[in-house]
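Before any comments, here is the structure.
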Amino acid sequence: MGSSFSGFSSDSDADGDGALAKPRLGDIPESCVAAVLMHLDPTQICSLARLNRAFRGASSADFIWEAKLPENYGTIVEKVLDEPKVLNLGKKEIYARLCRPNSFDGGTKEVWLDKRTGGVCLSISFKALMITGIDDRRYWNHISTEESRFHSVAYLQQIWWFEVDGELEFPFPTGTYSVFFRVQLGKSTKRLGRRVCNPEHVHGWDIKPVHFQLTTSDGQRVASHCHVDNPGNWIHYHMGDFVVGKSDTSTKINFSMTQIDCTHTKGGLCVDCVLICPSSVGKLINSLS
């Protein structure tokens, strides 16, 4: 675009009678800039907003950001944010507010928008899950850690019957979502400023796989299994996907992670949270895991 503009000249310039100012990037009408920004993702829009005044003004247009917000963002704001006046803000401000981690249900859940895609992501702390034996300190302990967005995880020392269940009802926008359990073998600590992992209680996970189950209120059902491994690293174990066809109603899901073969004990496992995100975002999480 810039090279084409730099080649423009007037007839009077060619005749040597004077020159008109060459078109510049800042001369593009703000409405034209906004029409271009409509086709970019939010991170690209914010980068281009730094170019000049026209791009900065166009990047705040409500119609651009309303197209990036979830179609039912109003319902999500009302459920998660205890501030009805948020809906009176500009659409760019609403988008920015929803991109932050927003806690609800007593701080046991967080929801946010993926900054690049605008997809709804949700995390559920272990405190909002039903864990067999969680209140018996012979089996489970709560550990404070900076490695969790909820600042604490559940640590299993040893148990025969391992079962973690959960449920959620939330107004997800239309789309396909992936569900993950975030767990780690071994207990992480810091020693002399360095992260170390203690595998002292890790046992039993290599004998039999854990089983995952995911169901939805509209009849979707997914079952899978795998071995828990890779001590010392937080892993997102993919339990399955579900599809939301309508965003005008809430979707209810139930999920579980179990290893209930009582022929052996298992232990040394940290349970952090359950993550739900658009499958496009989930593919990136899987590759990182």
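Labeling convention for the structure tokens: chains A, B, ... as they appear, residues from 1 per chain, ligands from 1 in order of appearance.
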Fewer than 6 positions away in the same chain doesn't count, so skip those; otherwise give me all residues within 9 Å of Ser103 of chain A, counting only C-alpha atoms, as a ChimeraX atom specification. /A:80-81,109-111
Next, dump the selected residues to file, keeping only N, CA and C atoms, as a PDB file, in the first residue's frame.
ATOM      1  N   VAL A  80     -21.545 -13.852  35.374  1.00  0.00           N
ATOM      2  CA  VAL A  80     -20.211 -13.868  35.978  1.00  0.00           C
ATOM      3  C   VAL A  80     -19.865 -12.579  36.703  1.00  0.00           C
ATOM      4  N   LEU A  81     -20.226 -11.446  36.112  1.00  0.00           N
ATOM      5  CA  LEU A  81     -19.841 -10.161  36.693  1.00  0.00           C
ATOM      6  C   LEU A  81     -20.985  -9.570  37.497  1.00  0.00           C
ATOM      7  N   LYS A 109     -14.380 -20.909  40.435  1.00  0.00           N
ATOM      8  CA  LYS A 109     -14.406 -20.999  38.971  1.00  0.00           C
ATOM      9  C   LYS A 109     -13.933 -19.674  38.387  1.00  0.00           C
ATOM     10  N   GLU A 110     -13.314 -19.751  37.217  1.00  0.00           N
ATOM     11  CA  GLU A 110     -12.910 -18.554  36.491  1.00  0.00           C
ATOM     12  C   GLU A 110     -13.279 -18.701  35.024  1.00  0.00           C
ATOM     13  N   VAL A 111     -13.705 -17.589  34.423  1.00  0.00           N
ATOM     14  CA  VAL A 111     -14.029 -17.600  32.996  1.00  0.00           C
ATOM     15  C   VAL A 111     -13.340 -16.400  32.356  1.00  0.00           C
TER      16      VAL A 111
END
Dump as CSV the rows for residues of segment 106-188 of chain A within 8 Å of segment 259-279 of chain A: closest atom pair and distance in Å with one decimal, only C-alpha atoms counted, ordered by chain and rising residue number.
residue,atom,partner,partner_atom,distance
A:Gly119,CA,A:Pro278,CA,6.1
A:Val120,CA,A:Cys277,CA,6.3
A:Cys121,CA,A:Cys277,CA,4.3
A:Leu122,CA,A:Ile276,CA,5.1
A:Ser123,CA,A:Leu275,CA,4.5
A:Ile124,CA,A:Val274,CA,5.1
A:Ser125,CA,A:Cys273,CA,4.5
A:Phe126,CA,A:Cys273,CA,5.1
A:Ser148,CA,A:Asp272,CA,6.6
A:Ser152,CA,A:Asp272,CA,7.4
A:Val153,CA,A:Asp272,CA,4.8
A:Ala154,CA,A:Val271,CA,5.2
A:Tyr155,CA,A:Cys270,CA,4.5
A:Leu156,CA,A:Leu269,CA,5.2
A:Gln157,CA,A:Gly267,CA,4.9
A:Gln158,CA,A:Gly267,CA,4.1
A:Ile159,CA,A:Thr265,CA,5.4
A:Trp160,CA,A:Thr265,CA,4.5
A:Trp161,CA,A:Ile260,CA,4.7
A:Phe162,CA,A:Gln259,CA,5.1
A:Glu163,CA,A:Gln259,CA,6.5
A:Gly175,CA,A:Pro278,CA,7.2
A:Thr176,CA,A:Ser279,CA,5.8
A:Tyr177,CA,A:Pro278,CA,4.3
A:Ser178,CA,A:Ser279,CA,5.0
A:Val179,CA,A:Ile276,CA,4.6
A:Phe180,CA,A:Leu275,CA,5.1
A:Phe181,CA,A:Val274,CA,4.6
A:Arg182,CA,A:Cys273,CA,5.5
A:Val183,CA,A:Val271,CA,4.7
A:Gln184,CA,A:Cys270,CA,5.1
A:Leu185,CA,A:Leu269,CA,4.6
A:Gly186,CA,A:Gly268,CA,5.2
A:Lys187,CA,A:Cys270,CA,6.8
Can you tell me which residues surround Lys68 of chain A at a distance of at most 10 Å, considering only C-alpha atoms, apart from same-chain residues fewer than 6 positions away, and format the answer as a PDB file with N, CA, C and O atoms, in the first residue's frame?
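What ended up in part-v1.pdb:
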ATOM      1  N   MET A  38     -12.208  -5.070  10.574  1.00  0.00           N
ATOM      2  CA  MET A  38     -13.257  -6.066  10.809  1.00  0.00           C
ATOM      3  C   MET A  38     -12.783  -7.479  10.516  1.00  0.00           C
ATOM      4  O   MET A  38     -13.232  -8.449  11.113  1.00  0.00           O
ATOM      5  N   LEU A  40      -9.708  -8.707  10.856  1.00  0.00           N
ATOM      6  CA  LEU A  40      -8.526  -9.102  11.618  1.00  0.00           C
ATOM      7  C   LEU A  40      -8.932  -9.621  12.988  1.00  0.00           C
ATOM      8  O   LEU A  40     -10.038  -9.374  13.458  1.00  0.00           O
ATOM      9  N   ASP A  41      -8.010 -10.349  13.630  1.00  0.00           N
ATOM     10  CA  ASP A  41      -8.328 -10.817  14.981  1.00  0.00           C
ATOM     11  C   ASP A  41      -7.982  -9.715  15.987  1.00  0.00           C
ATOM     12  O   ASP A  41      -7.274  -8.753  15.657  1.00  0.00           O
ATOM     13  N   PRO A  42      -8.485  -9.805  17.213  1.00  0.00           N
ATOM     14  CA  PRO A  42      -8.320  -8.724  18.195  1.00  0.00           C
ATOM     15  C   PRO A  42      -6.876  -8.308  18.463  1.00  0.00           C
ATOM     16  O   PRO A  42      -6.604  -7.115  18.637  1.00  0.00           O
ATOM     17  N   LYS A  91     -18.042  -1.579  23.368  1.00  0.00           N
ATOM     18  CA  LYS A  91     -17.825  -3.006  23.110  1.00  0.00           C
ATOM     19  C   LYS A  91     -16.352  -3.398  23.265  1.00  0.00           C
ATOM     20  O   LYS A  91     -16.040  -4.510  23.687  1.00  0.00           O
ATOM     21  N   LYS A  92     -15.436  -2.494  22.948  1.00  0.00           N
ATOM     22  CA  LYS A  92     -14.015  -2.797  23.143  1.00  0.00           C
ATOM     23  C   LYS A  92     -13.703  -2.963  24.616  1.00  0.00           C
ATOM     24  O   LYS A  92     -12.960  -3.876  25.016  1.00  0.00           O
ATOM     25  N   TYR A  95     -15.034  -6.285  25.802  1.00  0.00           N
ATOM     26  CA  TYR A  95     -14.142  -7.369  25.361  1.00  0.00           C
ATOM     27  C   TYR A  95     -12.924  -7.457  26.275  1.00  0.00           C
ATOM     28  O   TYR A  95     -12.540  -8.549  26.725  1.00  0.00           O
ATOM     29  N   LYS A 115      -7.829 -14.175  24.050  1.00  0.00           N
ATOM     30  CA  LYS A 115      -7.618 -12.848  23.462  1.00  0.00           C
ATOM     31  C   LYS A 115      -7.588 -12.876  21.943  1.00  0.00           C
ATOM     32  O   LYS A 115      -8.031 -11.936  21.285  1.00  0.00           O
ATOM     33  N   ARG A 116      -7.090 -13.962  21.374  1.00  0.00           N
ATOM     34  CA  ARG A 116      -6.947 -13.996  19.919  1.00  0.00           C
ATOM     35  C   ARG A 116      -8.242 -14.348  19.212  1.00  0.00           C
ATOM     36  O   ARG A 116      -8.583 -13.758  18.184  1.00  0.00           O
ATOM     37  N   THR A 117      -9.004 -15.297  19.770  1.00  0.00           N
ATOM     38  CA  THR A 117     -10.189 -15.796  19.078  1.00  0.00           C
ATOM     39  C   THR A 117     -11.508 -15.299  19.665  1.00  0.00           C
ATOM     40  O   THR A 117     -12.540 -15.360  18.997  1.00  0.00           O
ATOM     41  N   GLY A 118     -11.484 -14.824  20.912  1.00  0.00           N
ATOM     42  CA  GLY A 118     -12.727 -14.439  21.569  1.00  0.00           C
ATOM     43  C   GLY A 118     -13.519 -15.622  22.090  1.00  0.00           C
ATOM     44  O   GLY A 118     -14.652 -15.466  22.543  1.00  0.00           O
ATOM     45  N   GLY A 119     -12.931 -16.821  22.050  1.00  0.00           N
ATOM     46  CA  GLY A 119     -13.605 -18.010  22.547  1.00  0.00           C
ATOM     47  C   GLY A 119     -13.677 -18.027  24.066  1.00  0.00           C
ATOM     48  O   GLY A 119     -12.769 -17.532  24.754  1.00  0.00           O
TER      49      GLY A 119
END
Would you list the contacts of Thr75 of chain A as an mmCIF file with N, CA and C atoms, in the first residue's frame, taking every protein, DNA or RNA residue within 9 Å and counting only C-alpha atoms, but skipping same-chain residues closer than 4 positions in sequence?
data_model
loop_
_atom_site.group_PDB
_atom_site.id
_atom_site.type_symbol
_atom_site.label_atom_id
_atom_site.label_comp_id
_atom_site.auth_asym_id
_atom_site.auth_seq_id
_atom_site.Cartn_x
_atom_site.Cartn_y
_atom_site.Cartn_z
ATOM 1 N N LYS A 79 -24.092 -13.385 34.337
ATOM 2 C CA LYS A 79 -23.856 -14.557 35.192
ATOM 3 C C LYS A 79 -22.568 -14.424 35.996
ATOM 4 N N VAL A 80 -21.545 -13.852 35.374
ATOM 5 C CA VAL A 80 -20.211 -13.868 35.978
ATOM 6 C C VAL A 80 -19.865 -12.579 36.703
ATOM 7 N N PRO A 171 -23.755 -20.888 30.187
ATOM 8 C CA PRO A 171 -24.250 -20.485 28.862
ATOM 9 C C PRO A 171 -23.125 -20.370 27.825
ATOM 10 N N ASP A 248 -28.677 -19.840 23.332
ATOM 11 C CA ASP A 248 -29.727 -19.144 24.089
ATOM 12 C C ASP A 248 -30.141 -19.899 25.343
#
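Here the question is which of A:Trp112, A:Phe242, A:Trp234, A:Phe63 gets nearest to Ser188 of chain A using only C-alpha atoms, and that residue is A:Trp234.
Atom CA of Arg100 of chain A is positioned 12.3 Å from atom CA of Arg149 of chain A.
Residues lying within 8 Å of Glu167 of chain A, counting only C-alpha atoms and ignoring same-chain neighbours fewer than 3 positions away, are Leu129, Lys252, Ile253, Asn254 and Phe255 of chain A.
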Once you have the residues from the selection above, write them out as an mmCIF file, in the first residue's frame, restricted to all heavy atoms.
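Written out: again03.cif:
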data_model
loop_
_atom_site.group_PDB
_atom_site.id
_atom_site.type_symbol
_atom_site.label_atom_id
_atom_site.label_comp_id
_atom_site.auth_asym_id
_atom_site.auth_seq_id
_atom_site.Cartn_x
_atom_site.Cartn_y
_atom_site.Cartn_z
ATOM 1 N N LEU A 129 -14.986 -29.594 42.903
ATOM 2 C CA LEU A 129 -15.168 -30.967 42.442
ATOM 3 C C LEU A 129 -15.486 -31.878 43.619
ATOM 4 O O LEU A 129 -15.209 -31.551 44.771
ATOM 5 C CB LEU A 129 -13.900 -31.456 41.729
ATOM 6 C CG LEU A 129 -13.396 -30.585 40.569
ATOM 7 C CD1 LEU A 129 -12.096 -31.167 40.009
ATOM 8 C CD2 LEU A 129 -14.445 -30.472 39.464
ATOM 9 N N LYS A 252 -25.445 -28.097 30.380
ATOM 10 C CA LYS A 252 -25.017 -28.772 31.599
ATOM 11 C C LYS A 252 -24.143 -29.959 31.229
ATOM 12 O O LYS A 252 -24.503 -30.766 30.373
ATOM 13 C CB LYS A 252 -26.220 -29.255 32.415
ATOM 14 C CG LYS A 252 -25.831 -29.875 33.756
ATOM 15 C CD LYS A 252 -27.057 -30.244 34.578
ATOM 16 C CE LYS A 252 -26.661 -30.829 35.926
ATOM 17 N NZ LYS A 252 -27.846 -31.180 36.752
ATOM 18 N N ILE A 253 -22.962 -30.049 31.857
ATOM 19 C CA ILE A 253 -22.066 -31.171 31.608
ATOM 20 C C ILE A 253 -21.707 -31.846 32.925
ATOM 21 O O ILE A 253 -21.668 -31.214 33.980
ATOM 22 C CB ILE A 253 -20.779 -30.734 30.866
ATOM 23 C CG1 ILE A 253 -19.946 -29.788 31.744
ATOM 24 C CG2 ILE A 253 -21.112 -30.066 29.537
ATOM 25 C CD1 ILE A 253 -18.578 -29.516 31.163
ATOM 26 N N ASN A 254 -21.469 -33.141 32.851
ATOM 27 C CA ASN A 254 -20.950 -33.937 33.965
ATOM 28 C C ASN A 254 -19.680 -34.617 33.489
ATOM 29 O O ASN A 254 -19.593 -35.059 32.336
ATOM 30 C CB ASN A 254 -21.968 -34.977 34.425
ATOM 31 C CG ASN A 254 -23.194 -34.344 35.051
ATOM 32 O OD1 ASN A 254 -24.100 -33.897 34.350
ATOM 33 N ND2 ASN A 254 -23.248 -34.322 36.364
ATOM 34 N N PHE A 255 -18.697 -34.732 34.379
ATOM 35 C CA PHE A 255 -17.418 -35.319 33.970
ATOM 36 C C PHE A 255 -16.793 -36.033 35.162
ATOM 37 O O PHE A 255 -17.110 -35.752 36.324
ATOM 38 C CB PHE A 255 -16.474 -34.230 33.443
ATOM 39 C CG PHE A 255 -16.395 -33.011 34.312
ATOM 40 C CD1 PHE A 255 -15.512 -32.957 35.384
ATOM 41 C CD2 PHE A 255 -17.210 -31.919 34.068
ATOM 42 C CE1 PHE A 255 -15.448 -31.842 36.192
ATOM 43 C CE2 PHE A 255 -17.148 -30.786 34.873
ATOM 44 C CZ PHE A 255 -16.260 -30.750 35.937
#
Those in segment 68-142 of chain A with helix (DSSP H, G or I) from DSSP, as number ranges by chain: A: 68, 73-80, 84-88, 91-99, 126-128
Among the residues of segment 129-209 of chain A, find those DSSP assigns to strand (DSSP E) from the backbone and print them as a PyMOL selection string. chain A and resi 130-131+140-144+152-156+162-170+175-185+187-191+194-198
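The space between atom CA of Ser60 of chain A and atom CA of Cys99 of chain A spans 16.1 Å.
Ranking A:Asp229, A:Ile285, A:Thr189, A:Met239 by their shortest atom-to-atom distance to His211 of chain A, with only C-alpha atoms included, puts A:Met239 first.
Between atom CA of Ala54 of chain A and atom CA of Leu69 of chain A the separation is 22.8 Å.
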Neighbour list for Leu87 of chain A as a list in words, cut-off 10 Å, only C-alpha atoms, skip fewer than 6 positions in-chain: Tyr73, Gly74, Val77, Glu78, Glu93 and Ile94 of chain A
